[in-house]
$ cat my_file.txt   # compact mmCIF, C-alpha atoms
# COMPACT_ATOMS: atom_id res chain seq x y z
CA MET A 462 5.12 0.89 24.29
CA LYS A 463 4.68 0.20 27.97
CA ASN A 464 4.08 -3.36 29.02
CA VAL A 465 1.63 -3.97 31.83
CA LEU A 466 2.26 -7.20 33.69
CA PHE A 467 -0.82 -9.34 33.32
CA ALA A 468 0.23 -12.60 34.91
CA THR A 469 3.36 -14.36 36.09
CA THR A 470 3.60 -18.10 36.56
CA ALA A 471 6.43 -20.14 38.03
CA LEU A 472 6.71 -23.70 36.82
CA ILE A 473 8.52 -25.99 39.27
CA ALA A 474 9.89 -29.34 38.10
CA THR A 475 11.92 -32.01 39.83
CA ALA A 476 14.93 -31.40 37.59
CA GLY A 477 15.03 -27.67 38.31
CA ILE A 478 13.06 -24.46 38.15
CA ALA A 479 11.77 -22.94 34.91
CA SER A 480 9.88 -19.66 34.71
CA ALA A 481 7.26 -18.30 32.35
CA GLU A 482 5.67 -14.90 32.04
CA VAL A 483 2.65 -13.49 30.24
CA SER A 484 2.40 -9.75 29.63
CA LEU A 485 -0.36 -7.68 28.09
CA SER A 486 0.17 -4.54 26.02
CA GLY A 487 -2.10 -2.53 23.81
CA SER A 488 -2.73 0.55 21.73
CA ALA A 489 -5.73 2.60 20.69
CA GLU A 490 -6.51 5.41 18.27
CA MET A 491 -9.31 7.97 18.05
CA GLY A 492 -9.80 10.91 15.71
CA ILE A 493 -11.02 11.93 12.27
CA ILE A 494 -9.88 10.90 8.79
CA GLY A 495 -10.80 11.81 5.22
CA GLY A 496 -9.45 12.48 1.75
CA ASP A 497 -9.92 12.45 -2.01
CA GLN A 498 -9.66 8.97 -3.50
CA GLY A 499 -10.66 9.79 -7.07
CA ILE A 500 -12.48 6.46 -7.44
CA THR A 501 -16.07 5.30 -7.12
CA ASN A 502 -17.57 4.04 -3.88
CA VAL A 503 -14.32 3.59 -2.00
CA ALA A 504 -14.64 1.16 0.93
CA GLY A 505 -18.40 1.01 0.45
CA ASN A 506 -18.94 4.62 1.51
CA ASN A 507 -21.26 5.31 -1.46
CA ASN A 508 -19.49 8.48 -2.53
CA ASP A 509 -18.14 9.00 -6.02
CA GLU A 510 -14.97 10.97 -5.38
CA ASN A 511 -14.27 11.50 -1.69
CA PHE A 512 -13.23 9.25 1.14
CA ALA A 513 -15.85 10.87 3.39
CA ASP A 514 -14.72 12.73 6.50
CA GLN A 515 -15.44 10.32 9.31
CA PHE A 516 -14.60 9.27 12.84
CA HIS A 517 -11.84 6.71 13.28
CA THR A 518 -11.16 4.33 16.15
CA ASP A 519 -8.85 1.34 16.41
CA ILE A 520 -7.90 -0.93 19.30
CA ASP A 521 -5.06 -3.44 19.31
CA VAL A 522 -4.30 -5.86 22.18
CA THR A 523 -1.20 -8.06 22.22
CA PHE A 524 -0.33 -10.92 24.54
CA THR A 525 3.39 -11.63 24.89
CA LEU A 526 4.43 -14.97 26.37
CA SER A 527 8.02 -15.61 27.43
CA GLY A 528 9.96 -18.20 29.36
CA GLU A 529 13.35 -19.77 29.93
CA SER A 530 14.29 -23.44 30.09
CA ASP A 531 16.56 -25.00 32.70
CA ASN A 532 19.49 -24.90 30.30
CA GLY A 533 19.05 -21.22 29.40
CA ILE A 534 17.06 -21.41 26.17
CA THR A 535 14.53 -18.58 25.99
CA PHE A 536 11.22 -19.11 24.23
CA GLY A 537 8.04 -17.17 23.67
CA ALA A 538 5.12 -16.18 21.51
CA THR A 539 2.95 -13.19 20.64
CA ILE A 540 -0.66 -12.99 19.50
CA ASP A 541 -2.62 -9.95 18.40
CA LEU A 542 -6.24 -10.30 19.52
CA ASP A 543 -7.33 -7.46 17.27
CA GLU A 544 -6.85 -9.67 14.23
CA SER A 545 -6.87 -13.18 15.64
CA GLN A 546 -10.24 -14.46 14.38
CA ASP A 547 -11.26 -15.87 11.04
CA SER A 548 -14.45 -14.97 9.16
CA ASN A 549 -16.47 -17.30 11.39
CA GLY A 550 -15.18 -15.79 14.62
CA ASN A 551 -12.91 -18.76 15.35
CA PHE A 552 -9.22 -18.69 16.20
CA ALA A 553 -7.02 -19.85 13.31
CA ALA A 554 -4.24 -22.12 14.58
CA THR A 555 -2.22 -22.88 11.45
CA ASP A 556 -3.00 -20.24 8.84
CA GLY A 557 -0.19 -17.85 9.69
CA GLY A 558 -2.41 -15.35 11.46
CA PRO A 559 -1.14 -12.55 13.69
CA GLU A 560 0.88 -14.87 15.89
CA ALA A 561 4.58 -15.70 16.10
CA VAL A 562 6.52 -18.23 18.18
CA PHE A 563 10.28 -18.22 18.84
CA ILE A 564 13.15 -19.95 20.60
CA SER A 565 16.48 -18.23 21.23
CA GLY A 566 19.91 -19.03 22.62
CA ASP A 567 23.63 -18.87 21.85
CA PHE A 568 22.77 -20.57 18.54
CA GLY A 569 20.63 -17.61 17.42
CA THR A 570 16.87 -17.14 17.17
CA LEU A 571 14.29 -19.17 15.25
CA THR A 572 10.90 -17.49 14.70
CA MET A 573 7.83 -19.02 13.02
CA GLY A 574 4.42 -17.57 12.20
CA ASP A 575 3.30 -14.11 11.12
CA THR A 576 6.79 -12.63 10.99
CA ASP A 577 8.96 -10.79 8.46
CA GLY A 578 10.88 -12.58 5.75
CA ALA A 579 14.65 -12.13 5.73
CA LEU A 580 14.53 -9.27 3.21
CA ASP A 581 12.04 -7.22 5.21
CA LYS A 582 13.87 -8.03 8.46
CA ALA A 583 17.19 -6.70 7.16
CA VAL A 584 16.09 -3.60 5.24
CA ALA A 585 15.21 -0.38 7.10
CA GLU A 586 11.78 1.04 6.25
CA THR A 587 10.86 4.73 5.88
CA ASP A 588 7.83 4.72 8.20
CA LEU A 589 9.85 6.54 10.87
CA ILE A 590 6.88 8.47 12.23
CA GLY A 591 3.21 7.57 12.23
CA ASP A 592 -0.30 8.91 12.61
CA ILE A 593 -3.70 7.39 13.22
CA ALA A 594 -4.92 5.34 10.23
CA ASP A 595 -1.41 5.60 8.66
CA ALA A 596 -2.37 8.49 6.38
CA SER A 597 1.25 9.67 6.09
CA THR A 598 2.66 6.27 5.11
CA THR A 599 -0.05 4.34 3.22
CA TYR A 600 0.62 6.00 -0.15
CA SER A 601 4.30 6.89 0.18
CA VAL A 602 6.16 4.02 1.87
CA LYS A 603 6.94 1.40 -0.78
CA SER A 604 7.48 -1.42 1.67
CA ALA A 605 10.30 -3.96 1.81
CA ALA A 606 7.65 -6.59 2.60
CA PHE A 607 6.64 -6.93 -1.06
CA MET A 608 8.00 -10.49 -1.18
CA ASP A 609 6.21 -11.63 2.01
CA GLY A 610 2.83 -13.36 1.99
CA LEU A 611 3.06 -14.66 -1.58
CA LEU A 612 2.27 -18.20 -0.39
CA ASP A 613 0.59 -19.27 2.87
CA GLY A 614 1.82 -16.35 5.00
CA GLN A 615 3.53 -18.69 7.47
CA VAL A 616 7.21 -17.71 7.64
CA ALA A 617 10.10 -19.44 9.39
CA ARG A 618 13.14 -17.20 9.95
CA TYR A 619 16.52 -17.81 11.58
CA ASP A 620 18.56 -14.84 12.87
CA TYR A 621 22.12 -14.67 14.17
CA SER A 622 24.19 -11.61 15.13
CA ILE A 623 27.81 -11.06 16.11
CA ALA A 624 30.17 -8.05 16.29
CA GLY A 625 27.89 -5.59 14.48
CA PHE A 626 26.83 -8.09 11.81
CA GLY A 627 23.39 -9.65 11.55
CA LEU A 628 22.35 -12.54 9.31
CA SER A 629 18.87 -13.86 8.49
CA LEU A 630 17.52 -16.83 6.54
CA SER A 631 13.79 -17.33 5.90
CA ALA A 632 11.38 -19.65 4.10
CA GLU A 633 7.68 -19.45 3.23
CA THR A 634 6.00 -22.56 1.83
CA ASP A 635 2.94 -23.31 -0.26
CA ASP A 636 0.33 -25.28 1.72
CA GLU A 637 -0.75 -27.13 -1.42
CA GLY A 638 2.79 -28.03 -2.47
CA VAL A 639 2.37 -26.55 -5.96
CA ASP A 640 4.51 -23.41 -5.96
CA ARG A 641 8.18 -23.36 -5.01
CA THR A 642 9.16 -22.26 -1.52
CA THR A 643 10.11 -18.59 -1.21
CA TRP A 644 13.61 -18.42 0.27
CA GLY A 645 15.08 -15.26 1.75
CA PHE A 646 18.52 -14.05 2.80
CA GLY A 647 19.31 -10.86 4.71
CA ALA A 648 22.32 -9.13 6.26
CA THR A 649 22.85 -6.03 8.39
CA TYR A 650 25.94 -4.15 9.54
CA SER A 651 26.32 -1.25 11.98
CA VAL A 652 29.44 0.93 12.23
CA ALA A 653 30.22 4.45 13.45
CA GLY A 654 26.56 5.44 13.78
CA TYR A 655 25.54 4.12 10.36
CA ASP A 656 23.26 1.11 9.80
CA PHE A 657 23.23 -0.83 6.53
CA GLY A 658 20.93 -3.61 5.38
CA ALA A 659 20.52 -5.83 2.33
CA GLY A 660 18.16 -8.66 1.48
CA TYR A 661 16.97 -11.03 -1.25
CA GLN A 662 13.90 -13.26 -1.57
CA GLY A 663 12.88 -15.47 -4.45
CA GLY A 664 10.27 -18.10 -5.22
CA GLU A 665 7.72 -19.14 -7.84
CA ASP A 666 8.14 -16.73 -10.79
CA GLN A 667 9.01 -13.81 -8.50
CA GLU A 668 12.12 -12.49 -6.82
CA GLY A 669 13.24 -9.27 -5.23
CA TRP A 670 16.18 -7.54 -3.58
CA MET A 671 16.64 -4.36 -1.58
CA VAL A 672 19.33 -2.34 0.24
CA SER A 673 19.05 0.38 2.89
CA ALA A 674 21.12 2.86 4.88
CA SER A 675 20.18 4.92 7.93
CA THR A 676 21.84 7.29 10.38
CA THR A 677 21.22 10.23 12.71
CA PHE A 678 22.50 13.79 12.28
CA GLY A 679 21.90 15.59 15.56
CA ALA A 680 18.12 15.73 16.00
CA VAL A 681 17.38 14.37 12.52
CA ASP A 682 16.95 10.67 11.68
CA VAL A 683 17.41 9.74 8.01
CA VAL A 684 16.76 6.47 6.17
CA ALA A 685 16.83 5.58 2.47
CA ASN A 686 16.37 2.34 0.57
CA TYR A 687 16.28 1.00 -2.99
CA GLY A 688 15.22 -2.31 -4.47
CA GLU A 689 13.71 -4.20 -7.38
CA GLY A 690 10.90 -6.71 -7.68
CA ILE A 691 11.18 -9.04 -10.68
CA THR A 692 8.33 -11.09 -12.15
CA ASN A 693 9.42 -13.91 -14.45
CA VAL A 694 7.16 -14.08 -17.53
CA ASP A 695 7.28 -17.16 -19.79
CA GLY A 696 8.30 -16.27 -23.32
CA ALA A 697 8.73 -12.57 -22.54
CA VAL A 698 11.10 -10.13 -20.91
CA ASP A 699 10.95 -10.15 -17.11
CA ALA A 700 8.83 -7.35 -15.62
CA VAL A 701 10.95 -5.19 -13.30
CA ALA A 702 9.48 -2.85 -10.69
CA ALA A 703 12.14 -0.60 -9.13
CA ARG A 704 11.32 1.09 -5.83
CA TYR A 705 13.06 3.67 -3.69
CA ASN A 706 12.19 5.56 -0.54
CA ILE A 707 13.65 8.31 1.63
CA ALA A 708 12.44 9.71 4.95
CA MET A 709 13.55 12.20 7.61
CA VAL A 710 12.29 12.91 11.12
CA TYR A 711 13.23 15.93 13.23
CA THR A 712 12.69 15.67 17.00
CA MET A 713 12.77 18.53 19.50
CA ASP A 714 11.63 17.74 23.03
CA ALA A 715 8.05 16.42 22.74
CA LEU A 716 7.61 17.47 19.09
CA SER A 717 8.47 15.26 16.11
CA LEU A 718 8.08 16.27 12.46
CA GLY A 719 8.51 13.80 9.62
CA ALA A 720 8.44 13.62 5.83
CA ASN A 721 8.82 10.71 3.42
CA TYR A 722 8.78 10.10 -0.31
CA GLY A 723 8.62 6.90 -2.35
CA GLU A 724 8.34 5.67 -5.93
CA ILE A 725 7.72 2.41 -7.74
CA HIS A 726 8.61 2.45 -11.43
CA THR A 727 7.38 -0.55 -13.44
CA ASP A 728 9.00 -0.78 -16.87
CA GLY A 729 6.56 0.00 -19.66
CA ALA A 730 3.55 0.14 -17.34
CA SER A 731 3.42 2.81 -14.64
CA THR A 732 5.14 5.09 -12.14
CA ASP A 733 3.65 5.20 -8.65
CA LYS A 734 4.76 8.28 -6.66
CA GLY A 735 3.78 9.27 -3.14
CA PHE A 736 4.74 11.50 -0.24
CA GLY A 737 3.71 11.78 3.39
CA LEU A 738 3.90 14.40 6.15
CA ALA A 739 3.33 13.82 9.86
CA ALA A 740 3.56 15.66 13.17
CA ASN A 741 3.51 14.12 16.64
CA TYR A 742 3.36 15.82 20.02
CA ASP A 743 4.02 13.57 23.01
CA LEU A 744 1.67 14.43 25.88
CA GLY A 745 3.33 11.89 28.17
CA GLY A 746 2.13 8.68 29.74
CA GLY A 747 1.64 6.98 26.36
CA LEU A 748 -0.69 9.64 24.89
CA VAL A 749 0.41 11.30 21.61
CA LEU A 750 -1.35 13.94 19.51
CA GLN A 751 -0.87 12.99 15.85
CA ALA A 752 -1.60 14.57 12.48
CA GLY A 753 -0.78 13.14 9.07
CA TYR A 754 -1.26 13.67 5.35
CA GLY A 755 -0.40 11.41 2.41
CA GLU A 756 -0.76 11.71 -1.35
CA GLN A 757 -0.19 9.38 -4.29
CA THR A 758 -0.19 9.69 -8.08
CA VAL A 759 -0.05 6.71 -10.42
CA ASP A 760 1.08 7.65 -13.94
CA LEU A 761 -0.03 4.93 -16.36
CA VAL A 762 1.84 4.62 -19.65
CA GLY A 763 -0.37 5.91 -22.47
CA VAL A 764 -2.98 7.38 -20.10
CA SER A 765 -3.28 11.12 -19.49
CA GLY A 766 -4.94 13.01 -16.66
CA ASP A 767 -3.82 10.83 -13.76
CA ASP A 768 -5.47 12.29 -10.65
CA PRO A 769 -3.80 12.16 -7.23
CA ILE A 770 -5.46 10.46 -4.29
CA ASN A 771 -4.87 11.61 -0.74
CA MET A 772 -5.78 11.08 2.88
CA TYR A 773 -5.49 13.04 6.11
CA SER A 774 -5.81 12.15 9.78
CA LEU A 775 -5.95 14.01 13.08
CA GLY A 776 -6.33 12.43 16.48
CA LEU A 777 -4.81 10.76 19.50
CA SER A 778 -2.68 7.64 19.75
CA MET A 779 -2.56 5.74 23.04
CA SER A 780 -0.06 3.13 24.25
CA PHE A 781 -0.67 0.88 27.23
$ encode --input "my_file.txt" --output "structure tokens"
Amino acid sequence: MKNVLFATTALIATAGIASAEVSLSGSAEMGIIGGDQGITNVAGNNNDENFADQFHTDIDVTFTLSGESDNGITFGATIDLDESQDSNGNFAATDGGPEAVFISGDFGTLTMGDTDGALDKAVAETDLIGDIADASTTYSVKSAAFMDGLLDGQVARYDYSIAGFGLSLSAETDDEGVDRTTWGFGATYSVAGYDFGAGYQGGEDQEGWMVSASTTFGAVDVVANYGEGITNVDGAVDAVAARYNIAMVYTMDALSLGANYGEIHTDGASTDKGFGLAANYDLGGGLVLQAGYGEQTVDLVGVSGDDPINMYSLGLSMSF
């Protein structure tokens, strides 16, 4: 995404010169979406079976603030204005909204706010290619972020990297002090064109782990991951939900074609299966023609006739 310089400010102090910069970036989408949801009155559209064919638009504006102290410590913050207000139209300062603040130096990087936990940071996802409204990924990508946001949504994460290795440690607390803090650990390693990641997060009655591997074969990018989410149940066997994903993207000049598949299997309860297909054609200058399709089937134990749900999209994506 291109960054357009919005403002630059120099701060001059008696002890030295420090600099700060504010940049503005954005994205927009326009097109049509639709699909078969198989449920009643989805999203308030008053239709029994279909997610009605409709126009789709979305605008996202991000401010990025950055600076450097006299002794070389870099610092900054980001805020997404598209999602920055609460239900009353007021900015939320402490609720872990779409903002993140960081400091970085030789000691590593500390980030706080609406940011990934250590597991999600370390594990490669399978949303390699997108489309407007995320039709190709909504039902098929079984995200590594399943352990994030279980408490107040405000995450603190420390990252450090050296010689191909990356390490992350994160924590998410409960505002009311009732549930235990969710702690996370993550590690990455890159060697000979292969990238590996592993992570763990655990807290109040829930824990999860995940591993991933990714590489490139010529014009094809490939990523796969596997993990388990575990819910601790008093007086009963823990409920385990295993998830795995795989995705590939082929790129030739301005054309990119992608496919992904994912499953979540919950012992004794259900199997959630989904796939997605997407095509992108880069028109240059930040304008991309995008098409996507996604489908999901949830097989419930003891229930027959599970109908698939699906969604399609066609339109333009814009980066500024």
$ closest_residue --input "my_file.txt" --among "A:Asp640, A:Asp714, A:Glu724, A:Asp666" --to "A:Ala700" --atoms "only C-alpha atoms"
A:Asp666
$ residues_around --input "my_file.txt" --residues "stretch 561-569 of chain A" --least-positions-apart "2" --cutoff "12 Å" --atoms "only C-alpha atoms" --output "ChimeraX atom specification"
/A:523-530,532-541,545,554-559,571-577,614-623,627-630
$ closest_residue --input "my_file.txt" --among "A:Asn706, A:Thr570, A:Ser778, A:Ser484" --to "A:Tyr722" --atoms "all atoms listed in the file"
A:Asn706
$ closest_residue --input "my_file.txt" --among "A:Val672, A:Ala739, A:Val602, A:Ala648" --to "A:Gln757" --atoms "only C-alpha atoms"
A:Val602
$ residues_around --input "my_file.txt" --residues "A:Tyr754" --least-positions-apart "6" --cutoff "7 Å" --atoms "all atoms listed in the file" --output "PyMOL selection string"
chain A and resi 596-597+737-739+772-774
$ closest_atom_pairs --input "my_file.txt" --of "stretch 619-660 of chain A" --to "stretch 676-699 of chain A" --cutoff "12 Å" --atoms "only C-alpha atoms" --output "JSON lines"
{"residue": "A:Ser651", "atom": "CA", "partner": "A:Thr676", "partner_atom": "CA", "distance": 9.8}
{"residue": "A:Val652", "atom": "CA", "partner": "A:Thr676", "partner_atom": "CA", "distance": 10.1}
{"residue": "A:Ala653", "atom": "CA", "partner": "A:Thr676", "partner_atom": "CA", "distance": 9.4}
{"residue": "A:Gly654", "atom": "CA", "partner": "A:Thr676", "partner_atom": "CA", "distance": 6.1}
{"residue": "A:Tyr655", "atom": "CA", "partner": "A:Thr676", "partner_atom": "CA", "distance": 4.9}
{"residue": "A:Asp656", "atom": "CA", "partner": "A:Thr676", "partner_atom": "CA", "distance": 6.4}
{"residue": "A:Phe657", "atom": "CA", "partner": "A:Thr676", "partner_atom": "CA", "distance": 9.1}
{"residue": "A:Gly658", "atom": "CA", "partner": "A:Asn686", "partner_atom": "CA", "distance": 8.9}
{"residue": "A:Ala659", "atom": "CA", "partner": "A:Gly688", "partner_atom": "CA", "distance": 9.3}
{"residue": "A:Gly660", "atom": "CA", "partner": "A:Gly688", "partner_atom": "CA", "distance": 9.2}
$ build_atoms --input "my_file.txt" --residues "stretch 478-494 of chain A" --atoms "N, CA and C atoms" --output "mmCIF file, keeping the file's coordinate frame"
data_model
loop_
_atom_site.group_PDB
_atom_site.id
_atom_site.type_symbol
_atom_site.label_atom_id
_atom_site.label_comp_id
_atom_site.auth_asym_id
_atom_site.auth_seq_id
_atom_site.Cartn_x
_atom_site.Cartn_y
_atom_site.Cartn_z
ATOM 1 N N ILE A 478 14.109 -25.463 38.146
ATOM 2 C CA ILE A 478 13.060 -24.460 38.150
ATOM 3 C C ILE A 478 13.064 -23.734 36.809
ATOM 4 N N ALA A 479 11.928 -23.711 36.143
ATOM 5 C CA ALA A 479 11.770 -22.940 34.910
ATOM 6 C C ALA A 479 10.722 -21.879 35.158
ATOM 7 N N SER A 480 10.828 -20.745 34.479
ATOM 8 C CA SER A 480 9.880 -19.660 34.710
ATOM 9 C C SER A 480 9.217 -19.267 33.402
ATOM 10 N N ALA A 481 8.001 -18.786 33.510
ATOM 11 C CA ALA A 481 7.260 -18.300 32.350
ATOM 12 C C ALA A 481 6.520 -17.046 32.747
ATOM 13 N N GLU A 482 6.311 -16.175 31.765
ATOM 14 C CA GLU A 482 5.670 -14.900 32.040
ATOM 15 C C GLU A 482 4.738 -14.535 30.894
ATOM 16 N N VAL A 483 3.603 -13.963 31.234
ATOM 17 C CA VAL A 483 2.650 -13.490 30.240
ATOM 18 C C VAL A 483 2.405 -12.013 30.492
ATOM 19 N N SER A 484 2.627 -11.186 29.485
ATOM 20 C CA SER A 484 2.400 -9.750 29.630
ATOM 21 C C SER A 484 1.382 -9.284 28.602
ATOM 22 N N LEU A 485 0.703 -8.231 28.930
ATOM 23 C CA LEU A 485 -0.360 -7.680 28.090
ATOM 24 C C LEU A 485 -0.008 -6.238 27.741
ATOM 25 N N SER A 486 -0.043 -5.912 26.469
ATOM 26 C CA SER A 486 0.170 -4.540 26.020
ATOM 27 C C SER A 486 -0.910 -4.191 25.014
ATOM 28 N N GLY A 487 -1.059 -2.917 24.742
ATOM 29 C CA GLY A 487 -2.100 -2.530 23.810
ATOM 30 C C GLY A 487 -1.923 -1.123 23.294
ATOM 31 N N SER A 488 -2.717 -0.799 22.293
ATOM 32 C CA SER A 488 -2.730 0.550 21.730
ATOM 33 C C SER A 488 -4.140 0.870 21.266
ATOM 34 N N ALA A 489 -4.417 2.151 21.153
ATOM 35 C CA ALA A 489 -5.730 2.600 20.690
ATOM 36 C C ALA A 489 -5.580 3.916 19.948
ATOM 37 N N GLU A 490 -6.505 4.165 19.035
ATOM 38 C CA GLU A 490 -6.510 5.410 18.270
ATOM 39 C C GLU A 490 -7.925 5.979 18.247
ATOM 40 N N MET A 491 -8.023 7.306 18.250
ATOM 41 C CA MET A 491 -9.310 7.970 18.050
ATOM 42 C C MET A 491 -9.066 9.302 17.354
ATOM 43 N N GLY A 492 -9.960 9.654 16.420
ATOM 44 C CA GLY A 492 -9.800 10.910 15.710
ATOM 45 C C GLY A 492 -10.690 10.972 14.496
ATOM 46 N N ILE A 493 -10.273 11.770 13.516
ATOM 47 C CA ILE A 493 -11.020 11.930 12.270
ATOM 48 C C ILE A 493 -10.078 11.681 11.095
ATOM 49 N N ILE A 494 -10.638 11.151 10.004
ATOM 50 C CA ILE A 494 -9.880 10.900 8.790
ATOM 51 C C ILE A 494 -10.732 11.289 7.594
#
